[in-house]
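Participant: Take a look at this one; I'll ask things after.
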Amino acid sequence: MRPPDNRRRRFEELYQANHDPVLGYVVRRTANGHDAADILAETFMTAWRRLDDVPAGDKARAWLFGVARRALANHHRGERRHTALTARLASELSAIQRQPREESADLDVLAKAFADLPDGYREVLSLADWEGMSIAEIAVVLDCSANAVRIRLHRARRRLARALSTDPPGRVVRAQVPEGDSV
């Protein structure tokens, strides 16, 4: 085993001298130990990548605190985005749950008809109608030609429309599925 080089030795010294103070700083500003550990790791990973930029001596600690501060800011921004997205999704889900019973029953019929489709048809419909992808984009995802996507999409929509037109016996479902090839 070869002896550690100067770069590694410098980083180890930096880590040993500053681990506890930086950890304390991060722990006091996070909600849990997992987040603190992630931010601490990010701080020292940045120090390793930018070791030549880390000042010598006592100034290194302040530099590390600055890196930790920016990592904390990024973490808190991410938490705010996550919280906002969670609230928006909860609101959307509660709106769906408040739909009239008949409309909800129609959605159940649509969900069952969709689930009964073969995997390939479900995938092409999902990419086109849920993900909003173009024919060309779907062709890349499915690794096939745009013409093959058009054909699959047409067949999938036609099959879904047929399944919805008379399910259960004698009942015509109100849900409409577009039959055109445009995405």
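Residues are referred to by chain and number: the chain letter is A, B, ... according to the order shown in the structure tokens, the number counts from 1 in that chain, and ligands are numbered separately from 1 in the order shown.
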Could you pull the residues within 9 Å of range 57-74 of chain A, counting only C-alpha atoms, minus those fewer than 4 positions along the same chain, as a PyMOL selection string?

Facilitator: chain A and resi 14+17-18+21-22+25-26+29-30+36+39-40+42-44+46-47+78-79

Participant: Selection from above, all heavy atoms, as a short mmCIF file (atom, residue, chain, number, x, y, z; two decimals), in the first residue's frame, can you write it?

Facilitator:
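This is the output file out_21.cif:
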data_model
loop_
_atom_site.label_atom_id
_atom_site.label_comp_id
_atom_site.auth_asym_id
_atom_site.auth_seq_id
_atom_site.Cartn_x
_atom_site.Cartn_y
_atom_site.Cartn_z
N LEU A 14 -8.13 18.51 7.37
CA LEU A 14 -9.25 19.44 7.29
C LEU A 14 -10.52 18.82 7.87
O LEU A 14 -11.23 19.44 8.65
CB LEU A 14 -9.47 19.84 5.82
CG LEU A 14 -10.57 20.84 5.52
CD1 LEU A 14 -10.17 22.22 5.99
CD2 LEU A 14 -10.85 20.86 4.02
N ALA A 17 -10.22 18.28 11.79
CA ALA A 17 -10.23 19.54 12.53
C ALA A 17 -11.60 20.22 12.50
O ALA A 17 -11.94 20.97 13.43
CB ALA A 17 -9.17 20.48 11.97
N ASN A 18 -12.40 19.96 11.47
CA ASN A 18 -13.63 20.73 11.28
C ASN A 18 -14.92 19.91 11.28
O ASN A 18 -16.00 20.49 11.20
CB ASN A 18 -13.53 21.52 9.98
CG ASN A 18 -12.45 22.56 10.05
OD1 ASN A 18 -12.59 23.55 10.74
ND2 ASN A 18 -11.35 22.32 9.36
N PRO A 21 -17.36 20.85 14.49
CA PRO A 21 -17.98 22.18 14.43
C PRO A 21 -18.98 22.32 13.27
O PRO A 21 -20.07 22.90 13.44
CB PRO A 21 -16.80 23.14 14.24
CG PRO A 21 -15.60 22.40 14.66
CD PRO A 21 -15.89 20.96 14.45
N VAL A 22 -18.64 21.80 12.10
CA VAL A 22 -19.55 21.90 10.95
C VAL A 22 -20.79 21.05 11.22
O VAL A 22 -21.91 21.47 10.92
CB VAL A 22 -18.85 21.49 9.64
CG1 VAL A 22 -19.84 21.44 8.49
CG2 VAL A 22 -17.71 22.47 9.32
N TYR A 25 -23.09 22.92 13.53
CA TYR A 25 -23.74 24.01 12.78
C TYR A 25 -24.92 23.47 11.96
O TYR A 25 -26.01 24.03 11.97
CB TYR A 25 -22.69 24.66 11.87
CG TYR A 25 -23.23 25.70 10.93
CD1 TYR A 25 -23.50 26.99 11.37
CD2 TYR A 25 -23.43 25.40 9.59
CE1 TYR A 25 -23.97 27.97 10.50
CE2 TYR A 25 -23.90 26.37 8.71
CZ TYR A 25 -24.18 27.64 9.16
OH TYR A 25 -24.65 28.58 8.31
N VAL A 26 -24.70 22.35 11.29
CA VAL A 26 -25.72 21.77 10.41
C VAL A 26 -26.86 21.16 11.23
O VAL A 26 -28.04 21.35 10.90
CB VAL A 26 -25.07 20.73 9.47
CG1 VAL A 26 -26.10 19.94 8.73
CG2 VAL A 26 -24.13 21.42 8.50
N ARG A 29 -29.55 23.42 12.39
CA ARG A 29 -30.33 24.08 11.34
C ARG A 29 -31.13 23.10 10.47
O ARG A 29 -31.69 23.50 9.44
CB ARG A 29 -29.38 24.90 10.45
CG ARG A 29 -28.92 26.14 11.16
CD ARG A 29 -27.66 26.72 10.56
NE ARG A 29 -27.25 27.94 11.26
CZ ARG A 29 -26.60 27.97 12.39
NH1 ARG A 29 -26.26 26.85 13.00
NH2 ARG A 29 -26.29 29.12 12.96
N THR A 30 -31.20 21.85 10.87
CA THR A 30 -31.99 20.86 10.13
C THR A 30 -33.00 20.19 11.04
O THR A 30 -32.88 20.25 12.26
CB THR A 30 -31.07 19.78 9.50
OG1 THR A 30 -30.28 19.19 10.52
CG2 THR A 30 -30.20 20.35 8.41
N ALA A 36 -29.03 16.33 8.24
CA ALA A 36 -27.75 16.87 8.70
C ALA A 36 -26.59 16.06 8.11
O ALA A 36 -25.60 16.63 7.65
CB ALA A 36 -27.69 16.86 10.22
N ILE A 39 -26.13 16.93 4.42
CA ILE A 39 -25.54 18.25 4.21
C ILE A 39 -24.06 18.25 4.61
O ILE A 39 -23.22 18.84 3.94
CB ILE A 39 -26.35 19.32 4.95
CG1 ILE A 39 -27.73 19.44 4.28
CG2 ILE A 39 -25.63 20.65 4.97
CD1 ILE A 39 -28.75 20.16 5.08
N LEU A 40 -23.75 17.54 5.69
CA LEU A 40 -22.35 17.41 6.10
C LEU A 40 -21.54 16.72 5.00
O LEU A 40 -20.45 17.18 4.64
CB LEU A 40 -22.24 16.64 7.42
CG LEU A 40 -20.83 16.47 7.97
CD1 LEU A 40 -20.29 17.81 8.47
CD2 LEU A 40 -20.82 15.43 9.07
N GLU A 42 -22.24 16.56 1.82
CA GLU A 42 -22.16 17.46 0.67
C GLU A 42 -21.08 18.53 0.90
O GLU A 42 -20.33 18.89 -0.01
CB GLU A 42 -23.51 18.11 0.41
CG GLU A 42 -23.55 18.95 -0.84
CD GLU A 42 -24.94 19.51 -1.13
OE1 GLU A 42 -25.93 18.94 -0.65
OE2 GLU A 42 -24.99 20.51 -1.85
N THR A 43 -21.02 19.03 2.13
CA THR A 43 -20.03 20.05 2.47
C THR A 43 -18.62 19.53 2.28
O THR A 43 -17.78 20.17 1.63
CB THR A 43 -20.23 20.53 3.93
OG1 THR A 43 -21.54 21.07 4.05
CG2 THR A 43 -19.19 21.56 4.33
N PHE A 44 -18.34 18.34 2.81
CA PHE A 44 -16.98 17.81 2.71
C PHE A 44 -16.69 17.26 1.31
O PHE A 44 -15.53 17.25 0.89
CB PHE A 44 -16.71 16.79 3.81
CG PHE A 44 -16.38 17.47 5.11
CD1 PHE A 44 -17.32 17.57 6.12
CD2 PHE A 44 -15.13 18.04 5.32
CE1 PHE A 44 -17.04 18.23 7.30
CE2 PHE A 44 -14.83 18.70 6.50
CZ PHE A 44 -15.78 18.79 7.50
N THR A 46 -17.72 18.80 -1.38
CA THR A 46 -17.33 20.04 -2.05
C THR A 46 -15.91 20.42 -1.67
O THR A 46 -15.11 20.84 -2.53
CB THR A 46 -18.31 21.18 -1.68
OG1 THR A 46 -19.63 20.79 -2.10
CG2 THR A 46 -17.92 22.48 -2.34
N ALA A 47 -15.57 20.25 -0.40
CA ALA A 47 -14.21 20.56 0.05
C ALA A 47 -13.20 19.67 -0.67
O ALA A 47 -12.12 20.14 -1.07
CB ALA A 47 -14.09 20.39 1.56
N GLY A 78 -35.34 23.03 -1.47
CA GLY A 78 -35.91 21.76 -1.90
C GLY A 78 -37.06 21.32 -1.01
O GLY A 78 -38.08 20.82 -1.50
N GLU A 79 -36.92 21.52 0.29
CA GLU A 79 -38.01 21.18 1.22
C GLU A 79 -39.25 22.02 0.95
O GLU A 79 -40.37 21.51 0.98
CB GLU A 79 -37.57 21.40 2.67
CG GLU A 79 -36.78 20.27 3.26
CD GLU A 79 -36.51 20.48 4.73
OE1 GLU A 79 -36.41 21.65 5.18
OE2 GLU A 79 -36.40 19.47 5.44
#

Participant: Find the distance between CA of Tyr121 in chain A and CA of Ala156 in chain A and write it in Å to one decimal.

Facilitator: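 Result for CA of Tyr121 in chain A versus CA of Ala156 in chain A: 5.0 Å, one decimal.
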
Participant: Which residues come within 12 Å of Asp52 in chain A, counting only C-alpha atoms, excluding same-chain residues fewer than 2 positions away, as a list in words?

Facilitator: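 Within the cut-off, the hits are Asn6, Arg7, Arg8, Arg10, Phe11, Thr46, Ala47, Trp48, Arg49, Arg50, Val54, Pro55, Ala56 and Ala60 of chain A.
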
Participant: Would you mind exporting the chosen residues as a tab-separated table (two decimals), in the first residue's frame, restricted to N, CA and C atoms?

Facilitator:
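Writing the result to result-v1.tsv gives the following:
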chain	number	residue	atom	x	y	z
A	6	ASN	N	-0.13	14.12	-0.51
A	6	ASN	CA	-0.33	15.37	0.23
A	6	ASN	C	-1.78	15.84	0.17
A	7	ARG	N	-2.42	15.67	-0.97
A	7	ARG	CA	-3.81	16.10	-1.13
A	7	ARG	C	-4.72	15.34	-0.16
A	8	ARG	N	-4.53	14.04	-0.12
A	8	ARG	CA	-5.35	13.22	0.78
A	8	ARG	C	-5.07	13.58	2.24
A	10	ARG	N	-4.00	16.40	3.43
A	10	ARG	CA	-4.57	17.72	3.72
A	10	ARG	C	-6.08	17.62	3.96
A	11	PHE	N	-6.75	16.84	3.12
A	11	PHE	CA	-8.19	16.69	3.31
A	11	PHE	C	-8.51	16.02	4.64
A	46	THR	N	-17.72	18.80	-1.38
A	46	THR	CA	-17.33	20.04	-2.05
A	46	THR	C	-15.91	20.42	-1.67
A	47	ALA	N	-15.57	20.25	-0.40
A	47	ALA	CA	-14.21	20.56	0.05
A	47	ALA	C	-13.20	19.67	-0.67
A	48	TRP	N	-13.51	18.41	-0.84
A	48	TRP	CA	-12.60	17.50	-1.54
A	48	TRP	C	-12.43	17.92	-3.00
A	49	ARG	N	-13.55	18.23	-3.67
A	49	ARG	CA	-13.49	18.61	-5.07
A	49	ARG	C	-12.74	19.94	-5.26
A	50	ARG	N	-12.88	20.84	-4.31
A	50	ARG	CA	-12.30	22.17	-4.43
A	50	ARG	C	-11.17	22.38	-3.42
A	54	VAL	N	-9.64	25.75	-0.87
A	54	VAL	CA	-9.82	25.86	0.58
A	54	VAL	C	-8.63	26.63	1.17
A	55	PRO	N	-8.92	27.72	1.88
A	55	PRO	CA	-7.82	28.50	2.47
A	55	PRO	C	-7.09	27.70	3.56
A	56	ALA	N	-5.90	28.07	3.81
A	56	ALA	CA	-5.10	27.39	4.82
A	56	ALA	C	-5.44	27.92	6.22
A	60	ALA	N	-9.97	28.07	6.87
A	60	ALA	CA	-10.61	26.90	6.29
A	60	ALA	C	-11.97	26.63	6.95

Participant: Can you tell me, as a ChimeraX atom specification, what residues are no more than 8 Å from range 141-152 of chain A when counting only C-alpha atoms, ignoring any on the same chain fewer than 3 positions away?

Facilitator: /A:121,124,135-138,155-156,181

Participant: For the selection you just gave me, I'd like the residues written to a file as a PDB file, in the first residue's frame, keeping C-alpha atoms.

Facilitator:
ATOM      1  CA  TYR A 121     -51.344  -0.012 -25.510  1.00  0.00           C
ATOM      2  CA  VAL A 124     -48.403   4.401 -25.645  1.00  0.00           C
ATOM      3  CA  ILE A 135     -45.291  11.055 -31.709  1.00  0.00           C
ATOM      4  CA  ALA A 136     -41.561  11.656 -32.285  1.00  0.00           C
ATOM      5  CA  GLU A 137     -40.809  11.677 -28.554  1.00  0.00           C
ATOM      6  CA  ILE A 138     -42.780   8.480 -27.990  1.00  0.00           C
ATOM      7  CA  ARG A 155     -55.307   0.941 -32.144  1.00  0.00           C
ATOM      8  CA  ALA A 156     -55.014   1.634 -28.405  1.00  0.00           C
ATOM      9  CA  ASP A 181     -53.750  10.436 -34.063  1.00  0.00           C
TER      10      ASP A 181
END

Participant: Given the choices A:Ala161, A:Glu92, A:Arg80, A:Tyr15, which gets closest to Met45 in chain A if the distance is worked out from only C-alpha atoms?

Facilitator: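 Answer, going by the shortest atom-to-atom distance: A:Tyr15.
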
Participant: I'd like the neighbourhood of Asp116 in chain A as a compact mmCIF listing (two decimals) with all heavy atoms, in the first residue's frame, where a residue qualifies if any of its atoms comes within 12 Å (using only C-alpha atoms), though same-chain residues fewer than 4 positions away should be ignored.

Facilitator:
# COMPACT_ATOMS: atom_id res chain seq x y z
N VAL A 109 -64.91 3.15 -14.30
CA VAL A 109 -65.07 2.34 -15.53
C VAL A 109 -63.89 2.60 -16.46
O VAL A 109 -63.32 1.66 -17.03
CB VAL A 109 -66.42 2.66 -16.22
CG1 VAL A 109 -66.49 2.02 -17.59
CG2 VAL A 109 -67.58 2.19 -15.34
N LEU A 110 -63.51 3.86 -16.61
CA LEU A 110 -62.38 4.21 -17.46
C LEU A 110 -61.10 3.57 -16.93
O LEU A 110 -60.32 3.00 -17.69
CB LEU A 110 -62.22 5.73 -17.54
CG LEU A 110 -61.03 6.24 -18.35
CD1 LEU A 110 -61.11 5.78 -19.79
CD2 LEU A 110 -60.96 7.75 -18.25
N ALA A 111 -60.89 3.63 -15.63
CA ALA A 111 -59.69 3.05 -15.02
C ALA A 111 -59.64 1.54 -15.25
O ALA A 111 -58.59 0.99 -15.57
CB ALA A 111 -59.64 3.35 -13.53
N LYS A 112 -60.78 0.87 -15.12
CA LYS A 112 -60.82 -0.58 -15.35
C LYS A 112 -60.55 -0.89 -16.82
O LYS A 112 -59.79 -1.81 -17.14
CB LYS A 112 -62.15 -1.16 -14.92
CG LYS A 112 -62.19 -2.68 -15.13
CD LYS A 112 -63.47 -3.30 -14.69
CE LYS A 112 -63.53 -4.79 -14.87
NZ LYS A 112 -62.62 -5.41 -15.81
N GLY A 120 -48.54 -2.75 -23.92
CA GLY A 120 -48.07 -1.85 -24.97
C GLY A 120 -49.04 -0.73 -25.26
O GLY A 120 -48.63 0.41 -25.49
N TYR A 121 -50.33 -1.03 -25.27
CA TYR A 121 -51.34 -0.01 -25.51
C TYR A 121 -51.42 0.97 -24.33
O TYR A 121 -51.54 2.16 -24.52
CB TYR A 121 -52.71 -0.65 -25.74
CG TYR A 121 -52.88 -1.30 -27.10
CD1 TYR A 121 -53.98 -2.08 -27.36
CD2 TYR A 121 -51.94 -1.14 -28.11
CE1 TYR A 121 -54.16 -2.69 -28.60
CE2 TYR A 121 -52.10 -1.75 -29.34
CZ TYR A 121 -53.21 -2.52 -29.59
OH TYR A 121 -53.38 -3.11 -30.81
N ARG A 122 -51.35 0.44 -23.11
CA ARG A 122 -51.36 1.32 -21.93
C ARG A 122 -50.17 2.28 -21.97
O ARG A 122 -50.29 3.46 -21.68
CB ARG A 122 -51.34 0.51 -20.64
CG ARG A 122 -52.68 -0.05 -20.24
CD ARG A 122 -52.73 -0.50 -18.79
NE ARG A 122 -51.57 -1.22 -18.33
CZ ARG A 122 -51.44 -2.55 -18.33
NH1 ARG A 122 -52.43 -3.31 -18.75
NH2 ARG A 122 -50.35 -3.12 -17.89
N ALA A 156 -54.77 1.57 -29.85
CA ALA A 156 -55.01 1.63 -28.40
C ALA A 156 -56.24 2.48 -28.11
O ALA A 156 -57.11 2.10 -27.31
CB ALA A 156 -53.79 2.20 -27.69
N ARG A 159 -59.40 0.61 -29.23
CA ARG A 159 -59.72 -0.49 -28.32
C ARG A 159 -60.30 0.04 -27.00
O ARG A 159 -61.25 -0.53 -26.46
CB ARG A 159 -58.47 -1.31 -28.05
CG ARG A 159 -58.74 -2.63 -27.41
CD ARG A 159 -57.52 -3.48 -27.51
NE ARG A 159 -57.80 -4.83 -27.11
CZ ARG A 159 -56.92 -5.80 -27.15
NH1 ARG A 159 -55.71 -5.56 -27.58
NH2 ARG A 159 -57.24 -7.00 -26.75
N LEU A 160 -59.74 1.12 -26.50
CA LEU A 160 -60.26 1.71 -25.27
C LEU A 160 -61.67 2.26 -25.50
O LEU A 160 -62.56 2.05 -24.66
CB LEU A 160 -59.33 2.83 -24.78
CG LEU A 160 -59.71 3.50 -23.46
CD1 LEU A 160 -59.73 2.49 -22.31
CD2 LEU A 160 -58.73 4.63 -23.15
N ALA A 163 -64.09 -0.57 -25.49
CA ALA A 163 -64.31 -1.10 -24.14
C ALA A 163 -65.23 -0.18 -23.34
O ALA A 163 -66.01 -0.65 -22.50
CB ALA A 163 -62.97 -1.26 -23.42
N LEU A 164 -65.15 1.12 -23.60
CA LEU A 164 -65.97 2.07 -22.86
C LEU A 164 -67.38 2.20 -23.42
O LEU A 164 -68.28 2.67 -22.72
CB LEU A 164 -65.30 3.45 -22.88
CG LEU A 164 -64.01 3.56 -22.09
CD1 LEU A 164 -63.36 4.91 -22.33
CD2 LEU A 164 -64.25 3.33 -20.62

Participant: Hey, what does DSSP flag as helix (DSSP H, G or I) within chain A? Can you give it to me as JSON, numbers by chain?

Facilitator: {"A": [6, 7, 8, 9, 10, 11, 12, 13, 14, 15, 16, 17, 18, 19, 20, 21, 22, 23, 24, 25, 26, 27, 33, 34, 35, 36, 37, 38, 39, 40, 41, 42, 43, 44, 45, 46, 47, 48, 49, 51, 52, 53, 59, 60, 61, 62, 63, 64, 65, 66, 67, 68, 69, 70, 71, 72, 73, 74, 75, 76, 77, 78, 79, 80, 81, 82, 83, 84, 85, 86, 87, 88, 89, 90, 91, 92, 93, 94, 95, 96, 97, 101, 102, 103, 104, 105, 106, 107, 108, 109, 110, 111, 112, 113, 114, 115, 116, 119, 120, 121, 122, 123, 124, 125, 126, 127, 128, 129, 130, 135, 136, 137, 138, 139, 140, 141, 142, 146, 147, 148, 149, 150, 151, 152, 153, 154, 155, 156, 157, 158, 159, 160, 161, 162, 163, 164, 165]}
